[in-house]
>>> print(open('final30.cif').read())   # mmCIF, C-alpha atoms
data_start
loop_
_atom_site.group_PDB
_atom_site.id
_atom_site.type_symbol
_atom_site.label_atom_id
_atom_site.label_comp_id
_atom_site.auth_asym_id
_atom_site.auth_seq_id
_atom_site.Cartn_x
_atom_site.Cartn_y
_atom_site.Cartn_z
ATOM 1 C CA MET A 233 282.212 114.115 239.474
ATOM 2 C CA ARG A 234 280.820 113.911 242.980
ATOM 3 C CA LEU A 235 282.588 115.930 245.650
ATOM 4 C CA SER A 236 283.422 114.525 249.056
ATOM 5 C CA PRO A 237 281.554 116.089 252.021
ATOM 6 C CA ASN A 238 284.638 118.049 253.054
ATOM 7 C CA ALA A 239 285.273 119.307 249.509
ATOM 8 C CA ALA A 240 281.620 120.311 249.096
ATOM 9 C CA GLY A 241 281.666 122.058 252.474
ATOM 10 C CA ALA A 242 284.875 123.914 251.631
ATOM 11 C CA LEU A 243 283.412 125.068 248.300
ATOM 12 C CA MET A 244 280.249 126.292 250.026
ATOM 13 C CA GLY A 245 282.435 128.077 252.556
ATOM 14 C CA LEU A 246 284.285 129.872 249.759
ATOM 15 C CA VAL A 247 280.957 130.932 248.218
ATOM 16 C CA SER A 248 279.722 132.097 251.620
ATOM 17 C CA PHE A 249 282.731 134.297 252.312
ATOM 18 C CA ALA A 250 282.687 135.653 248.749
ATOM 19 C CA LEU A 251 279.087 136.762 249.310
ATOM 20 C CA PHE A 252 280.038 138.337 252.629
ATOM 21 C CA ALA A 253 282.910 140.198 250.928
ATOM 22 C CA GLY A 254 280.476 141.531 248.324
ATOM 23 C CA HIS A 255 278.188 142.567 251.186
ATOM 24 C CA ASP A 256 281.059 144.504 252.790
ATOM 25 C CA ALA A 257 282.037 146.175 249.511
ATOM 26 C CA LEU A 258 278.498 147.487 249.104
ATOM 27 C CA ILE A 259 278.524 148.674 252.722
ATOM 28 C CA LYS A 260 281.715 150.614 252.024
ATOM 29 C CA SER A 261 280.155 152.166 248.922
ATOM 30 C CA LEU A 262 277.218 153.426 251.026
ATOM 31 C CA ALA A 263 279.235 154.520 254.049
ATOM 32 C CA GLY A 264 280.328 157.786 252.475
ATOM 33 C CA ARG A 265 276.719 159.007 252.309
ATOM 34 C CA TYR A 266 275.069 157.470 255.374
ATOM 35 C CA SER A 267 276.065 156.778 258.955
ATOM 36 C CA ALA A 268 276.831 153.249 260.104
ATOM 37 C CA ILE A 269 273.756 153.474 262.349
ATOM 38 C CA GLN A 270 271.394 154.248 259.468
ATOM 39 C CA ILE A 271 272.942 151.552 257.283
ATOM 40 C CA SER A 272 272.653 148.949 260.041
ATOM 41 C CA PHE A 273 269.029 149.858 260.815
ATOM 42 C CA THR A 274 267.946 149.835 257.166
ATOM 43 C CA ILE A 275 269.575 146.477 256.489
ATOM 44 C CA ALA A 276 267.840 145.064 259.568
ATOM 45 C CA CYS A 277 264.487 146.209 258.168
ATOM 46 C CA PHE A 278 265.144 144.467 254.849
ATOM 47 C CA SER A 279 266.295 141.335 256.695
ATOM 48 C CA PHE A 280 263.029 140.683 258.519
ATOM 49 C CA PRO A 281 261.081 139.318 255.506
ATOM 50 C CA LEU A 282 263.978 136.959 254.763
ATOM 51 C CA LEU A 283 264.106 135.799 258.388
ATOM 52 C CA ILE A 284 260.356 135.215 258.449
ATOM 53 C CA GLY A 285 260.722 133.036 255.359
ATOM 54 C CA MET A 286 263.536 131.123 257.067
ATOM 55 C CA LEU A 287 261.395 130.545 260.161
ATOM 56 C CA ALA A 288 258.455 129.379 258.041
ATOM 57 C CA THR A 289 260.583 126.557 256.648
ATOM 58 C CA ASP A 290 262.415 125.717 259.896
ATOM 59 C CA ARG A 291 261.283 122.299 261.097
ATOM 60 C CA THR A 292 263.296 122.437 264.313
ATOM 61 C CA VAL A 293 261.113 121.630 267.312
ATOM 62 C CA GLY A 294 260.897 124.462 269.830
ATOM 63 C CA THR A 295 259.881 128.052 270.346
ATOM 64 C CA LEU A 296 261.601 131.403 269.918
ATOM 65 C CA ILE A 297 261.695 131.934 273.675
ATOM 66 C CA PRO A 298 265.359 131.671 274.698
ATOM 67 C CA VAL A 299 266.418 129.256 277.403
ATOM 68 C CA ASN A 300 269.196 131.622 278.476
ATOM 69 C CA ARG A 301 267.446 134.953 278.092
ATOM 70 C CA TYR A 302 270.156 137.285 279.350
ATOM 71 C CA TRP A 303 272.957 135.554 277.462
ATOM 72 C CA VAL A 304 270.929 135.700 274.248
ATOM 73 C CA ILE A 305 270.212 139.410 274.789
ATOM 74 C CA LEU A 306 273.906 140.051 275.459
ATOM 75 C CA ARG A 307 274.774 138.223 272.261
ATOM 76 C CA GLY A 308 272.274 140.397 270.421
ATOM 77 C CA ILE A 309 273.983 143.494 271.802
ATOM 78 C CA THR A 310 277.497 142.306 270.907
ATOM 79 C CA GLY A 311 276.295 141.289 267.439
ATOM 80 C CA THR A 312 274.689 144.680 266.879
ATOM 81 C CA PHE A 313 277.685 146.708 268.012
ATOM 82 C CA GLY A 314 280.022 144.370 266.139
ATOM 83 C CA ALA A 315 278.153 145.122 262.922
ATOM 84 C CA VAL A 316 277.889 148.892 263.360
ATOM 85 C CA THR A 317 281.548 149.290 264.363
ATOM 86 C CA ALA A 318 282.630 147.167 261.388
ATOM 87 C CA PHE A 319 280.512 149.325 259.074
ATOM 88 C CA TYR A 320 282.138 152.451 260.492
ATOM 89 C CA ALA A 321 285.592 150.917 260.023
ATOM 90 C CA PHE A 322 284.818 150.202 256.360
ATOM 91 C CA LYS A 323 283.960 153.882 255.976
ATOM 92 C CA MET A 324 287.187 155.128 257.551
ATOM 93 C CA LEU A 325 289.838 152.581 256.512
ATOM 94 C CA PRO A 326 291.035 150.762 253.399
ATOM 95 C CA PHE A 327 289.131 147.547 252.749
ATOM 96 C CA ALA A 328 292.050 145.145 253.292
ATOM 97 C CA GLU A 329 293.136 146.901 256.478
ATOM 98 C CA VAL A 330 289.723 146.375 258.067
ATOM 99 C CA TYR A 331 289.808 142.685 257.226
ATOM 100 C CA VAL A 332 293.237 142.242 258.798
ATOM 101 C CA LEU A 333 291.934 143.620 262.087
ATOM 102 C CA LEU A 334 288.717 141.585 261.885
ATOM 103 C CA PHE A 335 290.864 138.490 261.360
ATOM 104 C CA ALA A 336 292.045 139.007 264.949
ATOM 105 C CA THR A 337 288.698 137.573 266.111
ATOM 106 C CA PRO A 338 289.940 133.951 266.464
ATOM 107 C CA LEU A 339 292.897 135.236 268.485
ATOM 108 C CA LEU A 340 290.566 137.104 270.848
ATOM 109 C CA VAL A 341 288.275 134.077 271.149
ATOM 110 C CA THR A 342 291.247 132.006 272.300
ATOM 111 C CA VAL A 343 292.237 134.651 274.863
ATOM 112 C CA LEU A 344 288.710 135.237 276.210
ATOM 113 C CA ALA A 345 287.893 131.531 276.417
ATOM 114 C CA VAL A 346 290.381 131.166 279.270
ATOM 115 C CA PRO A 347 288.708 133.470 281.863
ATOM 116 C CA LEU A 348 285.134 133.211 280.535
ATOM 117 C CA LEU A 349 284.874 129.513 279.693
ATOM 118 C CA GLY A 350 287.666 128.059 281.788
ATOM 119 C CA GLU A 351 289.395 126.618 278.726
ATOM 120 C CA LYS A 352 293.086 125.840 278.785
ATOM 121 C CA VAL A 353 295.423 127.117 276.082
ATOM 122 C CA GLY A 354 298.585 125.169 275.330
ATOM 123 C CA LEU A 355 301.969 126.684 274.663
ATOM 124 C CA ARG A 356 301.712 126.460 270.874
ATOM 125 C CA ARG A 357 298.336 128.170 270.701
ATOM 126 C CA ALA A 358 299.520 130.827 273.167
ATOM 127 C CA LEU A 359 302.521 131.527 270.949
ATOM 128 C CA ALA A 360 300.229 131.700 267.919
ATOM 129 C CA VAL A 361 298.049 134.276 269.704
ATOM 130 C CA MET A 362 301.056 136.405 270.647
ATOM 131 C CA THR A 363 302.390 136.210 267.098
ATOM 132 C CA GLY A 364 299.011 137.222 265.711
ATOM 133 C CA LEU A 365 298.783 140.180 268.077
ATOM 134 C CA ILE A 366 302.213 141.307 266.877
ATOM 135 C CA GLY A 367 300.752 141.227 263.370
ATOM 136 C CA VAL A 368 297.874 143.415 264.542
ATOM 137 C CA LEU A 369 300.333 145.913 266.032
ATOM 138 C CA ILE A 370 302.235 146.012 262.741
ATOM 139 C CA VAL A 371 299.024 147.016 260.954
ATOM 140 C CA LEU A 372 298.001 149.510 263.647
ATOM 141 C CA ARG A 373 301.443 151.173 263.821
ATOM 142 C CA PRO A 374 300.745 152.696 267.256
ATOM 143 C CA GLY A 375 302.402 156.028 267.886
ATOM 144 C CA THR A 376 302.115 157.090 264.261
ATOM 145 C CA SER A 377 299.684 159.506 262.674
ATOM 146 C CA GLY A 378 298.128 156.583 260.787
ATOM 147 C CA PHE A 379 296.340 155.266 263.882
ATOM 148 C CA SER A 380 292.731 156.466 263.852
ATOM 149 C CA LEU A 381 289.220 156.034 265.211
ATOM 150 C CA GLY A 382 288.603 153.661 262.311
ATOM 151 C CA HIS A 383 291.233 151.284 263.696
ATOM 152 C CA ILE A 384 289.593 151.422 267.124
ATOM 153 C CA ALA A 385 286.232 150.635 265.510
ATOM 154 C CA ALA A 386 287.670 147.633 263.651
ATOM 155 C CA LEU A 387 289.232 146.290 266.853
ATOM 156 C CA ALA A 388 285.920 146.844 268.672
ATOM 157 C CA ALA A 389 284.172 144.865 265.929
ATOM 158 C CA ALA A 390 286.663 142.018 266.363
ATOM 159 C CA LEU A 391 286.158 142.073 270.145
ATOM 160 C CA CYS A 392 282.359 142.036 269.762
ATOM 161 C CA GLY A 393 282.675 139.149 267.315
ATOM 162 C CA ALA A 394 284.806 137.237 269.797
ATOM 163 C CA MET A 395 282.295 137.862 272.593
ATOM 164 C CA SER A 396 279.464 136.638 270.370
ATOM 165 C CA ALA A 397 281.439 133.482 269.657
ATOM 166 C CA ILE A 398 282.171 132.925 273.349
ATOM 167 C CA ILE A 399 278.485 133.285 274.247
ATOM 168 C CA THR A 400 277.526 130.876 271.472
ATOM 169 C CA ARG A 401 280.025 128.346 272.802
ATOM 170 C CA ARG A 402 278.564 128.710 276.261
ATOM 171 C CA ILE A 403 274.882 128.291 275.394
ATOM 172 C CA GLY A 404 274.847 127.126 271.770
ATOM 173 C CA ARG A 405 273.760 123.567 272.587
ATOM 174 C CA GLN A 406 270.728 124.817 274.502
ATOM 175 C CA GLU A 407 269.322 127.317 271.982
ATOM 176 C CA ARG A 408 267.853 127.054 268.510
ATOM 177 C CA ALA A 409 269.910 128.709 265.799
ATOM 178 C CA ALA A 410 266.818 130.739 264.883
ATOM 179 C CA VAL A 411 266.794 132.253 268.383
ATOM 180 C CA PHE A 412 270.279 133.682 267.904
ATOM 181 C CA VAL A 413 269.467 135.104 264.473
ATOM 182 C CA ILE A 414 266.129 136.654 265.444
ATOM 183 C CA TYR A 415 267.391 138.251 268.653
ATOM 184 C CA VAL A 416 270.354 139.846 266.905
ATOM 185 C CA ALA A 417 268.007 141.280 264.265
ATOM 186 C CA MET A 418 265.567 142.537 266.910
ATOM 187 C CA THR A 419 268.341 144.080 269.000
ATOM 188 C CA ASN A 420 269.809 145.749 265.939
ATOM 189 C CA PHE A 421 266.412 147.119 264.924
ATOM 190 C CA THR A 422 265.698 148.429 268.435
ATOM 191 C CA LEU A 423 269.051 149.998 269.343
ATOM 192 C CA MET A 424 269.794 151.450 265.930
ATOM 193 C CA GLY A 425 266.192 152.643 265.631
ATOM 194 C CA LEU A 426 266.548 154.627 268.854
ATOM 195 C CA ALA A 427 269.693 156.314 267.530
ATOM 196 C CA LEU A 428 268.411 156.795 263.971
ATOM 197 C CA PRO A 429 266.656 160.202 264.475
ATOM 198 C CA PHE A 430 270.007 161.771 265.371
ATOM 199 C CA VAL A 431 271.778 160.683 262.169
ATOM 200 C CA TYR A 432 269.045 160.139 259.579
ATOM 201 C CA VAL A 433 269.363 161.617 256.108
ATOM 202 C CA PRO A 434 266.919 160.962 253.235
ATOM 203 C CA MET A 435 267.826 157.968 251.072
ATOM 204 C CA THR A 436 267.607 157.665 247.315
ATOM 205 C CA GLY A 437 265.816 154.816 245.569
ATOM 206 C CA PRO A 438 269.048 153.249 244.201
ATOM 207 C CA ASP A 439 270.629 153.349 247.656
ATOM 208 C CA LEU A 440 267.579 151.658 249.186
ATOM 209 C CA ALA A 441 267.848 148.971 246.516
ATOM 210 C CA THR A 442 271.522 148.548 247.397
ATOM 211 C CA MET A 443 270.592 148.162 251.069
ATOM 212 C CA ALA A 444 268.100 145.449 250.115
ATOM 213 C CA LEU A 445 270.813 143.693 248.092
ATOM 214 C CA VAL A 446 273.174 143.878 251.084
ATOM 215 C CA ALA A 447 270.552 142.181 253.270
ATOM 216 C CA LEU A 448 270.042 139.491 250.616
ATOM 217 C CA LEU A 449 273.793 138.850 250.317
ATOM 218 C CA ALA A 450 274.147 138.522 254.102
ATOM 219 C CA PHE A 451 271.187 136.141 254.311
ATOM 220 C CA THR A 452 272.350 134.024 251.352
ATOM 221 C CA GLY A 453 275.897 133.939 252.675
ATOM 222 C CA MET A 454 274.586 132.745 256.035
ATOM 223 C CA GLN A 455 272.652 129.929 254.349
ATOM 224 C CA PHE A 456 275.746 128.771 252.465
ATOM 225 C CA MET A 457 277.747 128.915 255.694
ATOM 226 C CA ILE A 458 275.208 126.803 257.568
ATOM 227 C CA GLN A 459 275.203 124.204 254.804
ATOM 228 C CA SER A 460 279.003 124.176 254.631
ATOM 229 C CA TYR A 461 279.291 123.339 258.330
ATOM 230 C CA ARG A 462 276.628 120.663 258.014
ATOM 231 C CA ARG A 463 278.594 118.941 255.276
ATOM 232 C CA ALA A 464 282.202 119.383 256.333
ATOM 233 C CA GLU A 465 284.357 119.485 259.429
ATOM 234 C CA ALA A 466 284.827 122.879 261.075
ATOM 235 C CA GLY A 467 288.582 122.660 260.512
ATOM 236 C CA VAL A 468 287.957 122.439 256.763
ATOM 237 C CA VAL A 469 285.415 125.256 256.465
ATOM 238 C CA ALA A 470 286.733 127.874 258.904
ATOM 239 C CA PRO A 471 290.033 128.526 257.061
ATOM 240 C CA MET A 472 288.015 129.527 253.975
ATOM 241 C CA GLN A 473 287.416 132.799 255.825
ATOM 242 C CA TYR A 474 290.891 133.985 254.877
ATOM 243 C CA SER A 475 289.931 133.957 251.190
ATOM 244 C CA GLN A 476 288.228 137.263 251.995
ATOM 245 C CA MET A 477 291.601 138.997 251.909
ATOM 246 C CA ILE A 478 291.796 138.237 248.180
ATOM 247 C CA TRP A 479 288.359 139.786 247.678
ATOM 248 C CA ALA A 480 289.328 142.763 249.835
ATOM 249 C CA ILE A 481 292.383 143.492 247.705
ATOM 250 C CA PHE A 482 290.367 143.016 244.500
ATOM 251 C CA TYR A 483 287.404 145.197 245.523
ATOM 252 C CA GLY A 484 289.683 147.794 247.069
ATOM 253 C CA ALA A 485 291.676 148.146 243.859
ATOM 254 C CA MET A 486 288.724 147.941 241.440
ATOM 255 C CA PHE A 487 286.180 150.179 243.136
ATOM 256 C CA PHE A 488 287.921 152.264 245.797
ATOM 257 C CA GLY A 489 291.375 152.942 244.373
ATOM 258 C CA GLU A 490 293.068 151.203 247.309
ATOM 259 C CA THR A 491 296.330 149.267 247.225
ATOM 260 C CA PRO A 492 297.577 147.753 250.507
ATOM 261 C CA ASP A 493 301.087 148.840 251.403
ATOM 262 C CA ALA A 494 303.873 146.430 252.289
ATOM 263 C CA ILE A 495 303.426 146.878 256.055
ATOM 264 C CA THR A 496 299.723 146.012 255.861
ATOM 265 C CA LEU A 497 300.476 142.914 253.776
ATOM 266 C CA VAL A 498 303.119 141.758 256.267
ATOM 267 C CA GLY A 499 300.712 142.230 259.154
ATOM 268 C CA ALA A 500 297.943 140.472 257.203
ATOM 269 C CA THR A 501 300.198 137.471 256.567
ATOM 270 C CA ILE A 502 301.135 137.178 260.246
ATOM 271 C CA VAL A 503 297.562 137.584 261.539
ATOM 272 C CA SER A 504 296.123 135.189 258.954
ATOM 273 C CA ALA A 505 298.782 132.537 259.581
ATOM 274 C CA SER A 506 298.265 132.757 263.351
ATOM 275 C CA GLY A 507 294.478 132.619 263.070
ATOM 276 C CA LEU A 508 294.671 129.722 260.633
ATOM 277 C CA TYR A 509 296.940 127.782 262.975
ATOM 278 C CA ILE A 510 294.569 128.340 265.911
ATOM 279 C CA VAL A 511 291.524 127.234 263.894
ATOM 280 C CA LEU A 512 293.235 124.069 262.629
ATOM 281 C CA ARG A 513 294.776 123.277 266.014
ATOM 282 C CA GLU A 514 291.416 123.599 267.754
ATOM 283 C CA ALA A 515 289.768 121.400 265.127
ATOM 284 C CA ARG A 516 292.383 118.683 265.664
ATOM 285 C CA LEU A 517 291.934 118.801 269.443
ATOM 286 C CA LYS A 518 288.167 118.447 269.111
ATOM 287 C CA THR A 519 288.531 115.590 266.638
ATOM 288 C CA GLY A 520 290.760 113.785 269.104
ATOM 289 C CA ALA A 521 288.361 114.351 271.983
ATOM 290 C CA ALA A 522 285.465 113.107 269.863
ATOM 291 C CA ALA A 523 287.054 109.660 269.749
ATOM 292 C CA GLY A 524 286.048 109.141 273.347
ATOM 293 C CA ALA A 525 283.087 111.455 273.742
ATOM 294 C CA VAL A 526 280.664 113.521 271.762
ATOM 295 C CA VAL A 527 282.067 117.037 271.476
ATOM 296 C CA PRO A 528 280.027 119.690 269.693
ATOM 297 C CA GLN A 529 281.751 121.269 266.717
ATOM 298 C CA SER A 530 282.000 125.016 266.680
ATOM 299 C CA ASN A 531 282.546 127.330 263.818
ATOM 300 C CA THR A 532 283.747 130.890 263.867
ATOM 301 C CA SER A 533 283.839 133.445 261.176
ATOM 302 C CA THR A 534 284.457 137.147 261.195
ATOM 303 C CA CYS A 535 282.296 138.757 258.844
ATOM 304 C CA SER A 536 279.393 141.040 260.145
ATOM 305 C CA GLU A 537 276.565 139.380 262.178
ATOM 306 C CA THR A 538 278.141 139.905 260.120
ATOM 307 C CA ALA A 539 276.631 137.314 260.968
ATOM 308 C CA ARG A 540 279.263 136.271 260.414
ATOM 309 C CA ASN A 541 280.337 135.538 263.414
ATOM 310 C CA PRO A 542 278.446 132.933 265.067
ATOM 311 C CA GLU A 543 279.991 129.778 266.166
#
>>> encode(input="final30.cif", output="structure tokens")
Amino acid sequence: MRLSPNAAGALMGLVSFALFAGHDALIKSLAGRYSAIQISFTIACFSFPLLIGMLATDRTVGTLIPVNRYWVILRGITGTFGAVTAFYAFKMLPFAEVYVLLFATPLLVTVLAVPLLGEKVGLRRALAVMTGLIGVLIVLRPGTSGFSLGHIAALAAALCGAMSAIITRRIGRQERAAVFVIYVAMTNFTLMGLALPFVYVPMTGPDLATMALVALLAFTGMQFMIQSYRRAEAGVVAPMQYSQMIWAIFYGAMFFGETPDAITLVGATIVSASGLYIVLREARLKTGAAAGAVVPQSNTSTCSETARNPE
């Protein structure tokens, strides 16, 4: 049985986000022994051979010199800090709780696109954003003893992911995809390398092997994501991101003894529903505009640059 392009793309999207969830579970398993800075730096080191292999097979015409140098550097910085703050959040918070807050990324993209890109947001999308932010507040429970630095880190990761997406929207048509990937890796390696001497602890062989596996999962997940967006419409692939909540609950229960409470599940439902509406609404608007003009498709995802966040 041959799948339609949209069905094949959706399936690849599910595989991609499953790999990213496995990546995050391994990060959480390491976070109790190593700082987020050391984890991020080590994964970047293991990523370089994979990226070199990707570049060797990339037939896209062009160089690795960015057209928009400062925007690309800024995206590298937001990608790096998005990853390290997400890693710290996985260390401090239950798995599912981190994902709920990372799922706020599409909401923040919608908000930031107004002042930074001059986009207009209709009433329905504005209501969806406000509803989603209410869901975030339900999870955060401000004013209670449950609010912590881990929550701030998760929100910072979502904000960095949104900024990365905004920058990609702004300059994505002018830059090679390889430029974005390489500059994030280089920025991560440089910034985390400068901070590494202050947090470094010796690593065991099994933990190094786990770090290498994390890098491989991120790289493979990125490849599946790229292929999914090449085959299917963005509005079909992007909602697959929310399947990560199922993995978060599963991994949390199986390996970390975590069970989300009722308040977290309510907040997760509200945030996910709002984000899903925004993604589908935006996809419909772009499909309509494409009838009269060529409009580039964008894709957003929240995982770590996590990658996972490029448009």
>>> resolve_selection(input="final30.cif", expression="the PyMOL selection byres ((chain A and resi 309) around 10)", output="VMD selection string")
chain A and resid 303 to 308 310 to 315 392 396 415 to 420 423
>>> residues_around(input="final30.cif", residues="Ala385 of chain A", least_positions_apart="4", cutoff="9 Å", atoms="only C-alpha atoms", output="list in words")
Gly314, Val316, Thr317, Ala318, Phe319, Tyr320, Ala321, Ser380, Leu381, Ala389 and Ala390 of chain A
>>> closest_residue(input="final30.cif", among="A:Met486, A:Val371, A:Val498, A:Val469", to="Phe249 of chain A", atoms="all atoms listed in the file")
A:Val469
>>> axis_aligned_box(input="final30.cif", around="segment 389-397 of chain A", padding_each_side="4 Å", output="lines of an AutoDock Vina configuration file")
center_x = 283.1
center_y = 139.2
center_z = 269.3
size_x = 15.2
size_y = 19.4
size_z = 14.7
>>> residues_around(input="final30.cif", residues="Met424 of chain A", least_positions_apart="6", cutoff="8 Å", atoms="all atoms listed in the file", output="MDAnalysis selection string")
chainID A and resid 269:270 272:273
>>> residues_near_point(input="final30.cif", point="(293.4, 146.7, 251.0)", cutoff="10 Å", atoms="only C-alpha atoms", output="PyMOL selection string")
chain A and resi 325-332+477-485+488-493+496-497+500
>>> resolve_selection(input="final30.cif", expression="the PyMOL selection byres ((chain A and resi 453-459) around 6)", output="list in words")
Met244, Gly245, Ser248, Leu251, Leu449, Ala450, Phe451, Thr452, Ser460, Tyr461 and Arg462 of chain A
>>> write_last_selection(input="final30.cif", atoms="C-alpha atoms", output="PDB file, in the coordinates of the input")
ATOM      1  CA  MET A 244     280.249 126.292 250.026  1.00  0.00           C
ATOM      2  CA  GLY A 245     282.435 128.077 252.556  1.00  0.00           C
ATOM      3  CA  SER A 248     279.722 132.097 251.620  1.00  0.00           C
ATOM      4  CA  LEU A 251     279.087 136.762 249.310  1.00  0.00           C
ATOM      5  CA  LEU A 449     273.793 138.850 250.317  1.00  0.00           C
ATOM      6  CA  ALA A 450     274.147 138.522 254.102  1.00  0.00           C
ATOM      7  CA  PHE A 451     271.187 136.141 254.311  1.00  0.00           C
ATOM      8  CA  THR A 452     272.350 134.024 251.352  1.00  0.00           C
ATOM      9  CA  SER A 460     279.003 124.176 254.631  1.00  0.00           C
ATOM     10  CA  TYR A 461     279.291 123.339 258.330  1.00  0.00           C
ATOM     11  CA  ARG A 462     276.628 120.663 258.014  1.00  0.00           C
TER      12      ARG A 462
END
>>> resolve_selection(input="final30.cif", expression="the PyMOL selection byres ((chain A and resi 464) around 8)", output="list of chain:residue names")
A:Pro237, A:Asn238, A:Ala239, A:Ala240, A:Gly241, A:Ala242, A:Ser460, A:Tyr461, A:Arg462, A:Arg463, A:Glu465, A:Ala466, A:Val468, A:Val469
>>> closest_residue(input="final30.cif", among="A:Leu243, A:Ala358, A:Ser267, A:His255", to="Pro434 of chain A", atoms="only C-alpha atoms")
A:Ser267
>>> atom_distance(input="final30.cif", atom1="atom CA of Leu246 of chain A", atom2="atom CA of Pro471 of chain A")
9.4 Å
>>> atom_distance(input="final30.cif", atom1="atom CA of Leu426 of chain A", atom2="atom CA of Arg301 of chain A")
21.8 Å
>>> atom_distance(input="final30.cif", atom1="atom CA of Ala427 of chain A", atom2="atom CA of Met443 of chain A")
18.4 Å
>>> residues_around(input="final30.cif", residues="Val433 of chain A", least_positions_apart="2", cutoff="12 Å", atoms="only C-alpha atoms", output="list in words")
Arg265, Tyr266, Ser267, Ala268, Ile269, Gln270, Ile271, Thr274, Leu428, Pro429, Phe430, Val431, Met435, Thr436 and Asp439 of chain A
>>> closest_residue(input="final30.cif", among="A:Arg402, A:Ile370, A:Thr342, A:Ala250", to="Gly507 of chain A", atoms="all atoms listed in the file")
A:Thr342
>>> closest_residue(input="final30.cif", among="A:Ala345, A:Leu287, A:Ala447, A:Leu508", to="Gln473 of chain A", atoms="only C-alpha atoms")
A:Leu508
>>> residues_near_point(input="final30.cif", point="(265.6, 129.1, 265.7)", cutoff="8 Å", atoms="all atoms listed in the file", output="NGL selection string")
:A and (287 or 290 or 292 or 294-296 or 407-414)
>>> closest_residue(input="final30.cif", among="A:Phe322, A:Leu512, A:Gly404, A:Leu359", to="Ala253 of chain A", atoms="only C-alpha atoms")
A:Phe322
>>> closest_residue(input="final30.cif", among="A:Lys352, A:Ile384, A:Ala288, A:Leu262", to="Pro438 of chain A", atoms="only C-alpha atoms")
A:Leu262
